[in-house]
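Colleague: Pasting a structure below so you can have a look.
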Amino acid sequence: LTFRNFHNWMENGDEKAAEKYFNAMLEKPETRFLGLRGLLMQSLHAGDHERALGYVKQAHAMRPKTPWVVTNLFELSERTGDLDGAAAALKQAVKIKALPRGEADHKGAVVTLAKAEKLLAEGRRDEAFTLSRQADRAAPDFLAAALLHARLAVERKAYREAAKVVE
């Protein structure tokens, strides 16, 4: 099977043939990484984020410094609710320069805010406050983080802090 065959399968919508081709690629060490990428792309196209995360984790185990692997690992970890995994992937993405610092800071604030909201839902208000503050400070233009930070500051009667956040 050739790349041309694969390209024709994808254009003609023959997903089963392409999947068979990618799975065959998994059998050989020299084509395994490319087979994982193909299966990842198919999973993303189908909207199966859990399966895509499995493929990207395998690709990450093989080549952890590949930018598209790390960025997909971040996106899929975040999308599937693995916030700790997303934070670790984001840290690695910055380290290998797969994302610009400003974009990474904002994405990190989004993950931190999601963690804060999860803690808040669990009734862990003090920890949620700490994380909302971190998210707000990491990305001062991120309105959702500022709103949660200010709201939790008011709950704690930290009115000066809340006022500074609002300003």
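Letters for chains follow the order of the structure tokens (A, B, ...), residue numbers begin at 1 for each chain, and ligand numbers begin at 1 in the order shown.
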Can you list every residue in chain A that DSSP puts in helix (DSSP H, G or I), as a PyMOL selection string?
Modeller: chain A and resi 3-12+15-26+32-46+49-62+67-79+83-95+101-121+125-138+143-155+159-166
Colleague: With only C-alpha atoms as the counted atoms, please give the residues lying no more than 9 Å from stretch 92-99 of chain A, apart from itself and same-chain residues fewer than 2 positions off, as a list in words.
Modeller: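 Contacts, in chain order: Pro64, Lys65, Thr66, Pro67, Trp68, Val70, Thr71, Phe74, Ala87, Ala88, Ala89, Leu90, Arg101, Gly102, Glu103 and Ala104 of chain A.
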Colleague: Can you work out which one of A:Leu76, A:Met41, A:Ala128, A:Leu26 has the shortest atom-to-atom distance to A:Ala114, counting only C-alpha atoms?
Modeller: A:Ala128
Colleague: Can you pull out every residue within 12 Å of A:Thr80, counting only C-alpha atoms, but drop anything in the same chain fewer than 2 positions away, and send it as a ChimeraX atom specification?
Modeller: /A:47-54,72-78,82-86
Colleague: Could you tell me how far atom CA of A:Leu119 sits from atom CA of A:Ala162, in Å to one decimal place?
Modeller: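 Result for atom CA of A:Ala162 versus atom CA of A:Leu119: 19.7 Å, one decimal.
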